[in-house]
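Asks: Mind looking over this structure? Questions follow.
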Amino acid sequence: MPALIEIERLTKRFGAFTAVDDVSFSVARGEVVGFLGPNGAGKSTTMKMLAGFVTPSAGTARLCGEDVLERPVAAKRHLGFLPEGAPTYPEMTVAGFLGFVARVRGFGGAALRERVAHAMRLTTLEGVRLQPIETLSKGFKRRVGLAQALLHDPPVLVLDEPTDGLDPNQKREVRALIAAMAPEKAIVISTHLLEEVEAVCTRAIIIARGRVVADETPAQLAARGPDLDTVFRDLTLPAAVAADPGAAPGTVTEPA
Ligand SMILES: Nc1ncnc2c1ncn2[C@@H]1O[C@H](COP(=O)(O)OP(=O)(O)OP(=O)(O)O)[C@@H](O)[C@H]1O
């Protein structure tokens, strides 16, 4: 069976600057891929291209076999996308916003109410259901974003920093939710938190200056050095490796 997410040679240039440079990977059902990289590495741009929100300069992205550019509506039916920030209409209530998203997704009547209730249950939003989104804390806003991504139970989830702004308890809850959904879905999460990769990901892709510099299991990644922090630094800071070639033996595939 083909992978649910297939990215081939995806590239994005902004003028003369190449933000994402020839990135390819696939994600199968059951995989949770941690997408890691320093600030500005190209994670969000890659995710936006995967979600059909940014047009690639070159390359293709497919969700459940549907090309995101050629068949955008069909592709997006398979996708739940949590962009960075708080992607909502601030003056709407939580229930009002999720009801709106459910209608856009084609639900009505009892099915709509059931979907909204289920999404709020999964993300623990029932207590604030009638509160305007603009009055919520950052963590709750993030959970509203997550709820809209999960609402139609899509086979593909692309989540840009899903635990950003959450307190440690909420982080644990969201990670548990991701782990519970994982067997049925292909999931990509971007994160700056190396502990998140170990906690919830079956695979880690590290990107630096727009290029993939590692794609392996968290255990394989950890085995490259004394700890994940060091491995991450050595993979993403080529200057540091050049100054101390013994720091990360045989690890660097970073281009000049
Ligand atoms: N619309 C745009 N126009 C010009 N440059 C852009 C645009 N969007 C992103 N970039 C640049 O592309 C690069 C990659 O940005 P991107 O947001 O994908 O990085 P990121 O890995 O998600 O970073 P962070 O971890 O800080 O969120 C950055 O240098 C950014 O400034």
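Ordering of the structure tokens sets the chain letters (A, B, ...), residue numbers begin anew at 1 in every chain, and ligands are numbered from 1 in the order given.
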Please identify every residue of chain A that has at least one atom no farther than 12 Å from an atom of ligand 1, counting only C-alpha atoms and all ligand atoms, and for each give the shortest atom pair and the distance in Å to one decimal, arranged by chain then increasing number, as CSV.
Replies:
```
residue,atom,partner,partner_atom_place_in_ligand_line,distance
A:Thr11,CA,ligand 1,12 (O),11.2
A:Lys12,CA,ligand 1,12 (O),8.4
A:Arg13,CA,ligand 1,5 (N),8.1
A:Phe14,CA,ligand 1,4 (C),5.0
A:Gly15,CA,ligand 1,4 (C),7.6
A:Ala16,CA,ligand 1,4 (C),9.7
A:Phe17,CA,ligand 1,5 (N),7.4
A:Thr18,CA,ligand 1,12 (O),7.4
A:Ala19,CA,ligand 1,12 (O),4.4
A:Val20,CA,ligand 1,14 (C),7.1
A:Asp21,CA,ligand 1,14 (C),10.5
A:Phe35,CA,ligand 1,21 (O),9.0
A:Leu36,CA,ligand 1,21 (O),7.8
A:Gly37,CA,ligand 1,21 (O),5.9
A:Pro38,CA,ligand 1,25 (O),5.6
A:Asn39,CA,ligand 1,26 (O),3.4
A:Gly40,CA,ligand 1,19 (O),3.4
A:Ala41,CA,ligand 1,21 (O),3.7
A:Gly42,CA,ligand 1,18 (O),3.2
A:Lys43,CA,ligand 1,21 (O),3.8
A:Ser44,CA,ligand 1,22 (O),3.6
A:Thr45,CA,ligand 1,18 (O),3.7
A:Thr46,CA,ligand 1,18 (O),6.3
A:Met47,CA,ligand 1,18 (O),7.9
A:Lys48,CA,ligand 1,18 (O),8.3
A:Met49,CA,ligand 1,18 (O),9.9
A:Leu50,CA,ligand 1,18 (O),11.9
A:Phe53,CA,ligand 1,1 (N),11.1
A:Val54,CA,ligand 1,1 (N),8.7
A:Thr55,CA,ligand 1,1 (N),10.8
A:Pro56,CA,ligand 1,1 (N),11.8
A:Pro83,CA,ligand 1,22 (O),10.2
A:Glu84,CA,ligand 1,27 (O),7.6
A:Gly85,CA,ligand 1,27 (O),9.8
A:Leu159,CA,ligand 1,22 (O),11.6
A:Asp160,CA,ligand 1,22 (O),8.2
A:Glu161,CA,ligand 1,27 (O),8.4
A:Asp164,CA,ligand 1,27 (O),10.8
A:Ile189,CA,ligand 1,22 (O),11.3
A:Ser190,CA,ligand 1,22 (O),8.0
A:Thr191,CA,ligand 1,25 (O),7.7
A:His192,CA,ligand 1,25 (O),7.0
A:Leu193,CA,ligand 1,25 (O),10.8
A:Ile206,CA,ligand 1,21 (O),10.1
A:Ile207,CA,ligand 1,21 (O),7.8
A:Ala208,CA,ligand 1,21 (O),8.0
A:Arg209,CA,ligand 1,14 (C),7.8
A:Gly210,CA,ligand 1,14 (C),7.2
A:Arg211,CA,ligand 1,21 (O),10.6
A:Val212,CA,ligand 1,21 (O),11.6
A:Thr236,CA,ligand 1,21 (O),11.7
```
Asks: Go ahead and dump the residues you just picked, C-alpha atoms, as a compact mmCIF listing (two decimals), in the first residue's frame.
Replies:
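Listing of out-v7.txt after writing:
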```
# COMPACT_ATOMS: atom_id res chain seq x y z
CA THR A 11 11.55 22.97 -3.08
CA LYS A 12 10.48 26.50 -2.15
CA ARG A 13 12.33 29.63 -3.17
CA PHE A 14 11.49 33.11 -1.93
CA GLY A 15 13.27 35.29 -4.50
CA ALA A 16 16.92 34.26 -4.45
CA PHE A 17 16.56 32.50 -1.07
CA THR A 18 15.87 28.76 -1.00
CA ALA A 19 13.86 27.98 2.15
CA VAL A 20 13.17 24.30 1.32
CA ASP A 21 15.67 22.53 -0.89
CA PHE A 35 10.10 17.11 12.01
CA LEU A 36 12.98 18.88 13.70
CA GLY A 37 15.29 21.72 12.88
CA PRO A 38 16.59 25.07 14.10
CA ASN A 39 14.57 28.27 13.69
CA GLY A 40 14.19 29.11 10.02
CA ALA A 41 15.21 25.63 8.82
CA GLY A 42 12.13 25.29 6.61
CA LYS A 43 9.80 23.13 8.73
CA SER A 44 6.71 25.35 8.56
CA THR A 45 7.22 26.06 4.86
CA THR A 46 7.42 22.32 4.13
CA MET A 47 4.28 21.68 6.18
CA LYS A 48 2.41 24.49 4.44
CA MET A 49 3.34 23.06 1.04
CA LEU A 50 2.19 19.64 2.21
CA PHE A 53 -1.23 26.48 1.61
CA VAL A 54 2.04 27.41 -0.10
CA THR A 55 2.77 26.58 -3.74
CA PRO A 56 6.09 24.77 -4.23
CA PRO A 83 -0.69 25.63 11.35
CA GLU A 84 1.70 27.56 13.61
CA GLY A 85 0.08 30.15 15.90
CA LEU A 159 0.70 19.42 13.17
CA ASP A 160 3.05 22.40 13.41
CA GLU A 161 4.31 22.50 17.01
CA ASP A 164 3.67 24.91 21.77
CA ILE A 189 4.61 16.94 13.97
CA SER A 190 7.18 19.69 13.99
CA THR A 191 8.80 20.43 17.29
CA HIS A 192 11.79 22.06 18.97
CA LEU A 193 11.50 19.64 21.86
CA ILE A 206 16.01 16.68 10.88
CA ILE A 207 16.13 19.60 8.47
CA ALA A 208 18.77 22.34 8.38
CA ARG A 209 18.90 25.23 5.91
CA GLY A 210 16.08 23.63 3.95
CA ARG A 211 17.71 20.21 3.50
CA VAL A 212 17.12 16.88 5.19
CA THR A 236 22.43 21.36 12.38
```
Asks: Which residues are near stretch 73-81 of chain A? Cut-off 9 Å, only C-alpha atoms, ignore same chain within fewer than 4 positions. Put them as an NGL selection string.
Replies: :A and (47-48 or 51-52 or 62-69 or 105 or 145-146 or 148-160)
Asks: Next, dump the selected residues to file, keeping only C-alpha atoms, as a short mmCIF file (atom, residue, chain, number, x, y, z; two decimals), in the first residue's frame.
Replies:
```cif
data_model
loop_
_atom_site.label_atom_id
_atom_site.label_comp_id
_atom_site.auth_asym_id
_atom_site.auth_seq_id
_atom_site.Cartn_x
_atom_site.Cartn_y
_atom_site.Cartn_z
CA MET A 47 4.28 21.68 6.18
CA LYS A 48 2.41 24.49 4.44
CA ALA A 51 -1.11 21.18 3.29
CA GLY A 52 -1.54 23.04 0.00
CA ARG A 62 0.54 13.75 -2.28
CA LEU A 63 -1.90 12.88 0.50
CA CYS A 64 -3.47 9.42 0.21
CA GLY A 65 -2.35 9.44 -3.42
CA GLU A 66 -3.98 12.82 -4.24
CA ASP A 67 -1.65 15.56 -5.48
CA VAL A 68 -2.16 18.66 -3.30
CA LEU A 69 -1.85 21.02 -6.28
CA ARG A 105 -16.18 19.76 6.24
CA GLY A 145 -6.50 24.58 16.63
CA LEU A 146 -5.89 20.91 17.36
CA GLN A 148 -10.37 21.65 14.24
CA ALA A 149 -7.58 19.49 12.77
CA LEU A 150 -9.01 16.29 14.31
CA LEU A 151 -12.68 17.03 13.79
CA HIS A 152 -13.25 14.99 10.61
CA ASP A 153 -11.01 12.11 11.80
CA PRO A 154 -8.61 12.41 8.83
CA PRO A 155 -6.05 9.68 8.00
CA VAL A 156 -3.27 12.30 7.71
CA LEU A 157 -2.36 14.80 10.43
CA VAL A 158 0.20 17.57 9.90
CA LEU A 159 0.70 19.42 13.17
CA ASP A 160 3.05 22.40 13.41
#
```
Asks: Would you pick out the contacts of A:Val197 at 7 Å or less, using only C-alpha atoms, so that residues sharing its chain but fewer than 5 positions from it are not included, and give the list as a PyMOL selection string?
Replies: chain A and resi 34+204+218
Asks: Please write the residues from the selection above to a file, keeping N, CA and C atoms, as an mmCIF file, in the first residue's frame.
Replies:
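See out_6.cif below for the written result:
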```
data_model
loop_
_atom_site.group_PDB
_atom_site.id
_atom_site.type_symbol
_atom_site.label_atom_id
_atom_site.label_comp_id
_atom_site.auth_asym_id
_atom_site.auth_seq_id
_atom_site.Cartn_x
_atom_site.Cartn_y
_atom_site.Cartn_z
ATOM 1 N N GLY A 34 8.614 13.007 13.666
ATOM 2 C CA GLY A 34 8.994 14.277 14.287
ATOM 3 C C GLY A 34 9.837 15.053 13.286
ATOM 4 N N ALA A 204 12.374 10.311 13.161
ATOM 5 C CA ALA A 204 12.729 11.731 13.246
ATOM 6 C C ALA A 204 13.394 12.162 11.947
ATOM 7 N N PRO A 218 14.223 7.533 16.472
ATOM 8 C CA PRO A 218 14.822 8.276 17.592
ATOM 9 C C PRO A 218 15.971 7.496 18.237
#
```
Asks: Between atom CA of A:Lys141 and atom CA of A:Ala182, what is the distance in Å, rounded to a tenth?
Replies: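 Computed distance, atom CA of A:Lys141 to atom CA of A:Ala182, equals 23.0 Å.
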Asks: Report, in Å to a single decimal, how far apart atom CA of A:His118 and atom CA of A:Thr93 are.
Replies: 16.4 Å
Asks: Taking only C-alpha atoms into account, name the residue in A:Cys201, A:Leu98, A:Val27, A:Ala110 that is nearest to A:Ala176.
Replies: A:Cys201
Asks: Could you check how far atom CA of A:Leu10 sits from atom CA of A:Asp22, in Å to one decimal?
Replies: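 Interatomic distance here is 5.0 Å.
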Asks: Would you give me, as a list in words, the residues in stretch 166-198 of chain A that DSSP reads as helix (DSSP H, G or I)?
Replies: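 In stretch 166-198 of chain A, DSSP puts these residues in helix (DSSP H, G or I): Pro168, Asn169, Gln170, Lys171, Arg172, Glu173, Val174, Arg175, Ala176, Leu177, Ile178, Ala179, Ala180, Met181, Ala182, Pro183, Glu184, Leu194, Glu195, Glu196, Val197 and Glu198 of chain A.
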Asks: Quick one: everything within 10 Å of A:Arg172, counting only C-alpha atoms, minus sequence neighbours fewer than 5 positions away in the same chain. Send it as a VMD selection string.
Replies: chain A and resid 163 166 to 167 177 to 178 196 199 to 200
Asks: List as a list of chain:residue names the protein and nucleic acid residues near A:Glu91, meaning an atom at most 10 Å away when only C-alpha atoms are counted, but skip any in the same chain fewer than 4 places from it.
Replies: A:Gly96, A:Phe97, A:Gln131, A:Pro132, A:Ile133, A:Glu134, A:Thr135
Asks: Deliver the residues from the most recent selection as a file, using C-alpha atoms, as a PDB file, in the first residue's frame.
Replies:
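What follows is the written file result.pdb:
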```
ATOM      1  CA  GLY A  96     -19.324  28.136  17.247  1.00  0.00           C
ATOM      2  CA  PHE A  97     -15.949  27.885  15.524  1.00  0.00           C
ATOM      3  CA  GLN A 131     -16.108  31.280  25.552  1.00  0.00           C
ATOM      4  CA  PRO A 132     -14.913  33.562  22.724  1.00  0.00           C
ATOM      5  CA  ILE A 133     -11.602  32.211  21.431  1.00  0.00           C
ATOM      6  CA  GLU A 134      -9.865  35.600  21.881  1.00  0.00           C
ATOM      7  CA  THR A 135     -10.431  35.352  25.649  1.00  0.00           C
TER       8      THR A 135
END
```
